[in-house]
>>> print(open('upload.json').read())   # JSON, N, CA and C atoms
[["chain", "number", "residue", "atom", "x", "y", "z"],
["A", 1, "MET", "N", 268.53, 124.66, 145.60],
["A", 1, "MET", "CA", 267.46, 125.38, 144.95],
["A", 1, "MET", "C", 267.22, 124.76, 143.58],
["A", 2, "GLY", "N", 265.98, 124.53, 143.29],
["A", 2, "GLY", "CA", 265.64, 123.89, 142.03],
["A", 2, "GLY", "C", 264.71, 124.74, 141.19],
["A", 3, "ALA", "N", 264.20, 124.13, 140.13],
["A", 3, "ALA", "CA", 263.33, 124.83, 139.19],
["A", 3, "ALA", "C", 262.09, 125.42, 139.86],
["A", 4, "ALA", "N", 261.55, 124.74, 140.86],
["A", 4, "ALA", "CA", 260.35, 125.24, 141.53],
["A", 4, "ALA", "C", 260.61, 126.59, 142.19],
["A", 5, "GLU", "N", 261.72, 126.71, 142.90],
["A", 5, "GLU", "CA", 262.05, 127.98, 143.58],
["A", 5, "GLU", "C", 262.49, 129.05, 142.58],
["A", 6, "LEU", "N", 263.24, 128.62, 141.57],
["A", 6, "LEU", "CA", 263.84, 129.57, 140.63],
["A", 6, "LEU", "C", 262.88, 130.03, 139.54],
["A", 7, "GLY", "N", 261.85, 129.25, 139.28],
["A", 7, "GLY", "CA", 260.92, 129.61, 138.23],
["A", 7, "GLY", "C", 261.43, 129.30, 136.83],
["A", 8, "ALA", "N", 262.55, 128.58, 136.74],
["A", 8, "ALA", "CA", 263.14, 128.19, 135.47],
["A", 8, "ALA", "C", 264.05, 127.00, 135.72],
["A", 9, "GLU", "N", 264.44, 126.34, 134.66],
["A", 9, "GLU", "CA", 265.29, 125.16, 134.77],
["A", 9, "GLU", "C", 266.73, 125.58, 135.06],
["A", 10, "PRO", "N", 267.34, 125.06, 136.14],
["A", 10, "PRO", "CA", 268.74, 125.41, 136.43],
["A", 10, "PRO", "C", 269.68, 124.78, 135.41],
["A", 11, "GLY", "N", 270.92, 125.28, 135.40],
["A", 11, "GLY", "CA", 271.93, 124.74, 134.50],
["A", 11, "GLY", "C", 272.37, 123.35, 134.92],
["A", 12, "ARG", "N", 272.86, 122.59, 133.96],
["A", 12, "ARG", "CA", 273.34, 121.24, 134.24],
["A", 12, "ARG", "C", 274.58, 121.26, 135.13],
["A", 13, "ARG", "N", 275.47, 122.24, 134.92],
["A", 13, "ARG", "CA", 276.72, 122.33, 135.70],
["A", 13, "ARG", "C", 276.67, 123.39, 136.79],
["A", 14, "ALA", "N", 276.00, 124.51, 136.50],
["A", 14, "ALA", "CA", 275.93, 125.62, 137.46],
["A", 14, "ALA", "C", 274.83, 126.59, 137.02],
["A", 15, "THR", "N", 274.41, 127.44, 137.95],
["A", 15, "THR", "CA", 273.37, 128.43, 137.65],
["A", 15, "THR", "C", 273.76, 129.77, 138.25],
["A", 16, "LEU", "N", 273.63, 130.81, 137.44],
["A", 16, "LEU", "CA", 273.85, 132.18, 137.90],
["A", 16, "LEU", "C", 272.46, 132.77, 138.15],
["A", 17, "VAL", "N", 272.14, 133.04, 139.41],
["A", 17, "VAL", "CA", 270.84, 133.57, 139.78],
["A", 17, "VAL", "C", 271.00, 135.04, 140.11],
["A", 18, "GLN", "N", 270.24, 135.88, 139.40],
["A", 18, "GLN", "CA", 270.32, 137.32, 139.59],
["A", 18, "GLN", "C", 269.00, 137.83, 140.15],
["A", 19, "PHE", "N", 269.06, 138.52, 141.28],
["A", 19, "PHE", "CA", 267.90, 139.20, 141.84],
["A", 19, "PHE", "C", 267.95, 140.65, 141.38],
["A", 20, "SER", "N", 266.89, 141.09, 140.70],
["A", 20, "SER", "CA", 266.83, 142.43, 140.13],
["A", 20, "SER", "C", 265.56, 143.14, 140.56],
["A", 21, "SER", "N", 265.52, 144.44, 140.28],
["A", 21, "SER", "CA", 264.30, 145.22, 140.47],
["A", 21, "SER", "C", 264.13, 146.13, 139.26],
["A", 22, "ALA", "N", 262.92, 146.59, 139.05],
["A", 22, "ALA", "CA", 262.56, 147.30, 137.82],
["A", 22, "ALA", "C", 263.40, 148.55, 137.55],
["A", 23, "PHE", "N", 263.70, 149.33, 138.56],
["A", 23, "PHE", "CA", 264.37, 150.61, 138.33],
["A", 23, "PHE", "C", 265.86, 150.57, 138.66],
["A", 24, "CYS", "N", 266.42, 149.40, 138.68],
["A", 24, "CYS", "CA", 267.83, 149.20, 139.05],
["A", 24, "CYS", "C", 268.71, 149.28, 137.80],
["A", 25, "GLN", "N", 269.47, 150.37, 137.68],
["A", 25, "GLN", "CA", 270.37, 150.53, 136.53],
["A", 25, "GLN", "C", 271.47, 149.47, 136.50],
["A", 26, "PRO", "N", 272.16, 149.19, 137.63],
["A", 26, "PRO", "CA", 273.21, 148.17, 137.59],
["A", 26, "PRO", "C", 272.68, 146.77, 137.24],
["A", 27, "CYS", "N", 271.38, 146.55, 137.44],
["A", 27, "CYS", "CA", 270.79, 145.24, 137.11],
["A", 27, "CYS", "C", 270.87, 144.96, 135.62],
["A", 28, "ARG", "N", 270.72, 146.00, 134.81],
["A", 28, "ARG", "CA", 270.77, 145.82, 133.34],
["A", 28, "ARG", "C", 272.16, 145.38, 132.91],
["A", 29, "ALA", "N", 273.17, 146.05, 133.43],
["A", 29, "ALA", "CA", 274.55, 145.68, 133.09],
["A", 29, "ALA", "C", 274.88, 144.29, 133.61],
["A", 30, "THR", "N", 274.39, 143.99, 134.81],
["A", 30, "THR", "CA", 274.61, 142.66, 135.39],
["A", 30, "THR", "C", 273.97, 141.59, 134.52],
["A", 31, "ARG", "N", 272.78, 141.85, 134.02],
["A", 31, "ARG", "CA", 272.08, 140.91, 133.13],
["A", 31, "ARG", "C", 272.95, 140.59, 131.91],
["A", 32, "ARG", "N", 273.54, 141.62, 131.30],
["A", 32, "ARG", "CA", 274.40, 141.42, 130.12],
["A", 32, "ARG", "C", 275.62, 140.57, 130.47],
["A", 33, "ILE", "N", 276.27, 140.91, 131.59],
["A", 33, "ILE", "CA", 277.48, 140.20, 132.00],
["A", 33, "ILE", "C", 277.18, 138.73, 132.25],
["A", 34, "LEU", "N", 276.12, 138.46, 133.02],
["A", 34, "LEU", "CA", 275.80, 137.07, 133.35],
["A", 34, "LEU", "C", 275.37, 136.28, 132.12],
["A", 35, "ALA", "N", 274.63, 136.91, 131.22],
["A", 35, "ALA", "CA", 274.20, 136.24, 129.99],
["A", 35, "ALA", "C", 275.42, 135.88, 129.13],
["A", 36, "GLU", "N", 276.39, 136.79, 129.06],
["A", 36, "GLU", "CA", 277.61, 136.53, 128.28],
["A", 36, "GLU", "C", 278.38, 135.36, 128.87],
["A", 37, "VAL", "N", 278.54, 135.35, 130.18],
["A", 37, "VAL", "CA", 279.29, 134.27, 130.83],
["A", 37, "VAL", "C", 278.55, 132.94, 130.67],
["A", 38, "ALA", "N", 277.24, 132.94, 130.85],
["A", 38, "ALA", "CA", 276.46, 131.70, 130.70],
["A", 38, "ALA", "C", 276.59, 131.16, 129.27],
["A", 39, "ALA", "N", 276.65, 132.06, 128.29],
["A", 39, "ALA", "CA", 276.79, 131.64, 126.90],
["A", 39, "ALA", "C", 278.18, 131.07, 126.62],
["A", 40, "MET", "N", 279.19, 131.53, 127.36],
["A", 40, "MET", "CA", 280.57, 131.09, 127.16],
["A", 40, "MET", "C", 280.84, 129.72, 127.77],
["A", 41, "VAL", "N", 280.16, 129.39, 128.84],
["A", 41, "VAL", "CA", 280.46, 128.18, 129.60],
["A", 41, "VAL", "C", 279.30, 127.18, 129.44],
["A", 42, "GLY", "N", 279.59, 126.03, 128.87],
["A", 42, "GLY", "CA", 278.56, 125.02, 128.64],
["A", 42, "GLY", "C", 277.94, 124.52, 129.94],
["A", 43, "GLY", "N", 276.65, 124.30, 129.92],
["A", 43, "GLY", "CA", 275.95, 123.75, 131.08],
["A", 43, "GLY", "C", 275.64, 124.76, 132.17],
["A", 44, "VAL", "N", 275.85, 126.05, 131.87],
["A", 44, "VAL", "CA", 275.58, 127.10, 132.86],
["A", 44, "VAL", "C", 274.36, 127.90, 132.40],
["A", 45, "ALA", "N", 273.41, 128.11, 133.31],
["A", 45, "ALA", "CA", 272.21, 128.89, 133.03],
["A", 45, "ALA", "C", 272.23, 130.20, 133.80],
["A", 46, "HIS", "N", 271.60, 131.22, 133.22],
["A", 46, "HIS", "CA", 271.41, 132.50, 133.90],
["A", 46, "HIS", "C", 269.91, 132.67, 134.12],
["A", 47, "ILE", "N", 269.53, 132.84, 135.37],
["A", 47, "ILE", "CA", 268.12, 133.03, 135.71],
["A", 47, "ILE", "C", 267.99, 134.35, 136.46],
["A", 48, "GLU", "N", 267.12, 135.22, 135.94],
["A", 48, "GLU", "CA", 266.89, 136.50, 136.59],
["A", 48, "GLU", "C", 265.56, 136.45, 137.32],
["A", 49, "ILE", "N", 265.55, 136.89, 138.57],
["A", 49, "ILE", "CA", 264.36, 136.87, 139.41],
["A", 49, "ILE", "C", 264.03, 138.30, 139.81],
["A", 50, "ASP", "N", 262.77, 138.70, 139.60],
["A", 50, "ASP", "CA", 262.31, 140.02, 140.02],
["A", 50, "ASP", "C", 262.11, 139.99, 141.53],
["A", 51, "ALA", "N", 262.93, 140.74, 142.24],
["A", 51, "ALA", "CA", 262.90, 140.72, 143.70],
["A", 51, "ALA", "C", 261.54, 141.14, 144.26],
["A", 52, "GLU", "N", 260.88, 142.07, 143.59],
["A", 52, "GLU", "CA", 259.59, 142.57, 144.08],
["A", 52, "GLU", "C", 258.49, 141.52, 143.93],
["A", 53, "GLU", "N", 258.62, 140.66, 142.92],
["A", 53, "GLU", "CA", 257.62, 139.61, 142.70],
["A", 53, "GLU", "C", 257.85, 138.38, 143.56],
["A", 54, "ARG", "N", 259.09, 138.22, 144.03],
["A", 54, "ARG", "CA", 259.44, 137.02, 144.81],
["A", 54, "ARG", "C", 259.96, 137.38, 146.20],
["A", 55, "LEU", "N", 259.17, 138.19, 146.92],
["A", 55, "LEU", "CA", 259.58, 138.62, 148.26],
["A", 55, "LEU", "C", 259.79, 137.44, 149.20],
["A", 56, "ASP", "N", 259.07, 136.34, 148.99],
["A", 56, "ASP", "CA", 259.26, 135.15, 149.80],
["A", 56, "ASP", "C", 260.69, 134.64, 149.69],
["A", 57, "LEU", "N", 261.19, 134.54, 148.47],
["A", 57, "LEU", "CA", 262.54, 134.05, 148.23],
["A", 57, "LEU", "C", 263.58, 135.07, 148.69],
["A", 58, "VAL", "N", 263.31, 136.36, 148.46],
["A", 58, "VAL", "CA", 264.20, 137.43, 148.91],
["A", 58, "VAL", "C", 264.41, 137.36, 150.42],
["A", 59, "ARG", "N", 263.31, 137.20, 151.14],
["A", 59, "ARG", "CA", 263.40, 137.13, 152.61],
["A", 59, "ARG", "C", 264.10, 135.85, 153.06],
["A", 60, "ALA", "N", 263.75, 134.74, 152.44],
["A", 60, "ALA", "CA", 264.34, 133.45, 152.83],
["A", 60, "ALA", "C", 265.85, 133.43, 152.61],
["A", 61, "LEU", "N", 266.33, 134.13, 151.57],
["A", 61, "LEU", "CA", 267.76, 134.13, 151.25],
["A", 61, "LEU", "C", 268.49, 135.35, 151.81],
["A", 62, "GLY", "N", 267.76, 136.26, 152.44],
["A", 62, "GLY", "CA", 268.40, 137.45, 153.02],
["A", 62, "GLY", "C", 268.96, 138.41, 151.98],
["A", 63, "ILE", "N", 268.26, 138.54, 150.85],
["A", 63, "ILE", "CA", 268.69, 139.47, 149.80],
["A", 63, "ILE", "C", 268.37, 140.88, 150.28],
["A", 64, "GLU", "N", 269.38, 141.76, 150.32],
["A", 64, "GLU", "CA", 269.18, 143.10, 150.85],
["A", 64, "GLU", "C", 269.23, 144.19, 149.80],
["A", 65, "LYS", "N", 269.83, 143.92, 148.63],
["A", 65, "LYS", "CA", 269.90, 144.93, 147.58],
["A", 65, "LYS", "C", 269.93, 144.26, 146.23],
["A", 66, "THR", "N", 269.63, 145.05, 145.20],
["A", 66, "THR", "CA", 269.72, 144.54, 143.84],
["A", 66, "THR", "C", 270.77, 145.34, 143.09],
["A", 67, "PRO", "N", 271.52, 144.71, 142.21],
["A", 67, "PRO", "CA", 271.48, 143.28, 141.94],
["A", 67, "PRO", "C", 272.23, 142.48, 142.99],
["A", 68, "THR", "N", 271.74, 141.31, 143.27],
["A", 68, "THR", "CA", 272.48, 140.31, 144.05],
["A", 68, "THR", "C", 272.57, 139.07, 143.18],
["A", 69, "VAL", "N", 273.76, 138.50, 143.12],
["A", 69, "VAL", "CA", 274.01, 137.33, 142.29],
["A", 69, "VAL", "C", 274.38, 136.15, 143.17],
["A", 70, "LEU", "N", 273.72, 135.02, 142.94],
["A", 70, "LEU", "CA", 274.06, 133.77, 143.61],
["A", 70, "LEU", "C", 274.60, 132.82, 142.56],
["A", 71, "VAL", "N", 275.68, 132.13, 142.90],
["A", 71, "VAL", "CA", 276.21, 131.09, 142.03],
["A", 71, "VAL", "C", 275.86, 129.75, 142.66],
["A", 72, "LEU", "N", 275.08, 128.95, 141.94],
["A", 72, "LEU", "CA", 274.67, 127.64, 142.44],
["A", 72, "LEU", "C", 275.44, 126.55, 141.73],
["A", 73, "ASP", "N", 275.80, 125.50, 142.47],
["A", 73, "ASP", "CA", 276.45, 124.36, 141.84],
["A", 73, "ASP", "C", 275.39, 123.46, 141.21],
["A", 74, "ALA", "N", 275.81, 122.34, 140.64],
["A", 74, "ALA", "CA", 274.88, 121.44, 139.94],
["A", 74, "ALA", "C", 273.78, 120.91, 140.84],
["A", 75, "ALA", "N", 274.05, 120.82, 142.14],
["A", 75, "ALA", "CA", 273.07, 120.31, 143.10],
["A", 75, "ALA", "C", 272.14, 121.42, 143.62],
["A", 76, "GLY", "N", 272.35, 122.67, 143.17],
["A", 76, "GLY", "CA", 271.51, 123.77, 143.61],
["A", 76, "GLY", "C", 271.95, 124.44, 144.90],
["A", 77, "ARG", "N", 273.17, 124.12, 145.36],
["A", 77, "ARG", "CA", 273.70, 124.75, 146.58],
["A", 77, "ARG", "C", 274.36, 126.08, 146.23],
["A", 78, "ILE", "N", 274.19, 127.07, 147.09],
["A", 78, "ILE", "CA", 274.84, 128.37, 146.89],
["A", 78, "ILE", "C", 276.31, 128.23, 147.23],
["A", 79, "VAL", "N", 277.18, 128.49, 146.24],
["A", 79, "VAL", "CA", 278.62, 128.41, 146.49],
["A", 79, "VAL", "C", 279.28, 129.79, 146.52],
["A", 80, "ARG", "N", 278.65, 130.78, 145.93],
["A", 80, "ARG", "CA", 279.14, 132.16, 145.98],
["A", 80, "ARG", "C", 277.94, 133.10, 145.98],
["A", 81, "ARG", "N", 278.16, 134.28, 146.56],
["A", 81, "ARG", "CA", 277.10, 135.29, 146.65],
["A", 81, "ARG", "C", 277.76, 136.65, 146.59],
["A", 82, "ALA", "N", 277.18, 137.57, 145.82],
["A", 82, "ALA", "CA", 277.73, 138.92, 145.73],
["A", 82, "ALA", "C", 276.62, 139.92, 145.50],
["A", 83, "ALA", "N", 276.70, 141.07, 146.16],
["A", 83, "ALA", "CA", 275.76, 142.16, 145.96],
["A", 83, "ALA", "C", 276.43, 143.24, 145.13],
["A", 84, "GLY", "N", 275.67, 143.88, 144.27],
["A", 84, "GLY", "CA", 276.23, 144.91, 143.40],
["A", 84, "GLY", "C", 276.60, 144.32, 142.04],
["A", 85, "MET", "N", 276.95, 145.21, 141.11],
["A", 85, "MET", "CA", 277.28, 144.76, 139.77],
["A", 85, "MET", "C", 278.64, 144.07, 139.76],
["A", 86, "PRO", "N", 278.70, 142.81, 139.31],
["A", 86, "PRO", "CA", 279.96, 142.09, 139.30],
["A", 86, "PRO", "C", 280.79, 142.40, 138.05],
["A", 87, "ARG", "N", 282.07, 142.14, 138.15],
["A", 87, "ARG", "CA", 282.92, 142.20, 136.96],
["A", 87, "ARG", "C", 282.89, 140.82, 136.31],
["A", 88, "LYS", "N", 282.99, 140.79, 134.99],
["A", 88, "LYS", "CA", 282.92, 139.53, 134.25],
["A", 88, "LYS", "C", 283.97, 138.54, 134.76],
["A", 89, "VAL", "N", 285.18, 139.01, 135.00],
["A", 89, "VAL", "CA", 286.26, 138.14, 135.46],
["A", 89, "VAL", "C", 285.92, 137.51, 136.82],
["A", 90, "ASP", "N", 285.23, 138.26, 137.68],
["A", 90, "ASP", "CA", 284.85, 137.73, 138.99],
["A", 90, "ASP", "C", 283.77, 136.66, 138.87],
["A", 91, "VAL", "N", 282.85, 136.85, 137.92],
["A", 91, "VAL", "CA", 281.81, 135.85, 137.69],
["A", 91, "VAL", "C", 282.43, 134.55, 137.19],
["A", 92, "ILE", "N", 283.37, 134.68, 136.27],
["A", 92, "ILE", "CA", 284.05, 133.49, 135.73],
["A", 92, "ILE", "C", 284.80, 132.77, 136.85],
["A", 93, "ALA", "N", 285.48, 133.53, 137.70],
["A", 93, "ALA", "CA", 286.21, 132.93, 138.83],
["A", 93, "ALA", "C", 285.25, 132.25, 139.80],
["A", 94, "ALA", "N", 284.12, 132.87, 140.08],
["A", 94, "ALA", "CA", 283.13, 132.29, 140.99],
["A", 94, "ALA", "C", 282.56, 130.99, 140.43],
["A", 95, "LEU", "N", 282.41, 130.93, 139.12],
["A", 95, "LEU", "CA", 281.92, 129.70, 138.49],
["A", 95, "LEU", "C", 282.88, 128.55, 138.72],
["A", 96, "GLY", "N", 284.16, 128.86, 138.84],
["A", 96, "GLY", "CA", 285.18, 127.83, 139.09],
["A", 96, "GLY", "C", 284.89, 127.07, 140.37],
["A", 97, "ALA", "N", 284.26, 127.72, 141.34],
["A", 97, "ALA", "CA", 283.92, 127.05, 142.60],
["A", 97, "ALA", "C", 282.71, 126.16, 142.45],
["A", 98, "ALA", "N", 281.94, 126.38, 141.39],
["A", 98, "ALA", "CA", 280.69, 125.65, 141.22],
["A", 98, "ALA", "C", 280.79, 124.46, 140.28],
["A", 99, "VAL", "N", 281.69, 124.53, 139.32],
["A", 99, "VAL", "CA", 281.75, 123.45, 138.32],
["A", 99, "VAL", "C", 282.89, 122.48, 138.55]]
>>> encode(input="upload.json", output="structure tokens")
Amino acid sequence: MGAAELGAEPGRRATLVQFSSAFCQPCRATRRILAEVAAMVGGVAHIEIDAEERLDLVRALGIEKTPTVLVLDAAGRIVRRAAGMPRKVDVIAALGAAV
């Protein structure tokens, strides 16, 4: 997955992709967690995608609930996937598979 699909430039080392929806309370907390982790680890980007605006991508990736987080490696391949609000420690561990 690249900038065209994501709507933003992916990270040099890894990308945290978050699918959210407008009225999703856990999405707000997930946004904070992913932004903090991306700021801690060099070359990692956090990209948030509005699931309602990108139904094409939601369907293509089989996203069933928000928040859903995908961890992409430098080549844009999905290396981890999780639905629901993640714990910061789990996000950091998942990044280990990508970088």
>>> atom_distance(input="upload.json", atom1="CA of Val58 in chain A", atom2="CA of Val89 in chain A")
25.8 Å
>>> atom_distance(input="upload.json", atom1="atom C of Leu55 in chain A", atom2="atom N of Gly43 in chain A")
28.8 Å
>>> atom_distance(input="upload.json", atom1="CA of Ile78 in chain A", atom2="atom N of Met1 in chain A")
7.4 Å
>>> residues_near_point(input="upload.json", point="(274.6, 141.6, 143.9)", cutoff="5 Å", atoms="all atoms listed in the file", output="MDAnalysis selection string")
chainID A and resid 67:69 82:84
>>> write_last_selection(input="upload.json", atoms="N, CA and C atoms", output="PDB file, keeping the file's coordinate frame")
ATOM      1  N   PRO A  67     271.520 144.710 142.210  1.00  0.00           N
ATOM      2  CA  PRO A  67     271.480 143.280 141.940  1.00  0.00           C
ATOM      3  C   PRO A  67     272.230 142.480 142.990  1.00  0.00           C
ATOM      4  N   THR A  68     271.740 141.310 143.270  1.00  0.00           N
ATOM      5  CA  THR A  68     272.480 140.310 144.050  1.00  0.00           C
ATOM      6  C   THR A  68     272.570 139.070 143.180  1.00  0.00           C
ATOM      7  N   VAL A  69     273.760 138.500 143.120  1.00  0.00           N
ATOM      8  CA  VAL A  69     274.010 137.330 142.290  1.00  0.00           C
ATOM      9  C   VAL A  69     274.380 136.150 143.170  1.00  0.00           C
ATOM     10  N   ALA A  82     277.180 137.570 145.820  1.00  0.00           N
ATOM     11  CA  ALA A  82     277.730 138.920 145.730  1.00  0.00           C
ATOM     12  C   ALA A  82     276.620 139.920 145.500  1.00  0.00           C
ATOM     13  N   ALA A  83     276.700 141.070 146.160  1.00  0.00           N
ATOM     14  CA  ALA A  83     275.760 142.160 145.960  1.00  0.00           C
ATOM     15  C   ALA A  83     276.430 143.240 145.130  1.00  0.00           C
ATOM     16  N   GLY A  84     275.670 143.880 144.270  1.00  0.00           N
ATOM     17  CA  GLY A  84     276.230 144.910 143.400  1.00  0.00           C
ATOM     18  C   GLY A  84     276.600 144.320 142.040  1.00  0.00           C
TER      19      GLY A  84
END
>>> closest_atom_pairs(input="upload.json", of="range 8-43 of chain A", to="range 59-66 of chain A", cutoff="7 Å", atoms="all atoms listed in the file", output="Markdown table")
| residue | atom | partner | partner_atom | distance |
| --- | --- | --- | --- | --- |
| A:Phe19 | C | A:Thr66 | CA | 4.9 |
| A:Ser20 | CA | A:Thr66 | CA | 5.2 |
| A:Ser21 | N | A:Thr66 | CA | 5.5 |
| A:Cys24 | CA | A:Thr66 | C | 6.3 |
| A:Pro26 | C | A:Thr66 | C | 6.3 |
| A:Cys27 | N | A:Thr66 | C | 5.8 |
>>> closest_residue(input="upload.json", among="A:Met85, A:Ala75, A:Val91, A:Ala51", to="Gln18 in chain A", atoms="all atoms listed in the file")
A:Ala51
>>> select_by_dssp(input="upload.json", residues="chain A", states="helix (DSSP H, G or I)", output="PyMOL selection string")
chain A and resi 3-6+25-40+55-61+88-98
>>> closest_residue(input="upload.json", among="A:Ala22, A:Ala8, A:Ile47, A:Val37", to="Asp90 in chain A", atoms="only C-alpha atoms")
A:Val37
>>> closest_residue(input="upload.json", among="A:Gly7, A:Asp73, A:Leu57, A:Pro86", to="Ala29 in chain A", atoms="all atoms listed in the file")
A:Pro86
>>> closest_residue(input="upload.json", among="A:Glu5, A:Glu53, A:His46, A:Leu16", to="Val79 in chain A", atoms="only C-alpha atoms")
A:Leu16
>>> axis_aligned_box(input="upload.json", around="range 60-72 of chain A", padding_each_side="4 Å", output="lines of an AutoDock Vina configuration file")
center_x = 270.0
center_y = 135.9
center_z = 147.4
size_x = 20.5
size_y = 26.8
size_z = 19.3
>>> residues_around(input="upload.json", residues="Gly76 in chain A", least_positions_apart="6", cutoff="8 Å", atoms="only N, CA and C atoms", output="ChimeraX atom specification")
/A:1-2,10,13-15
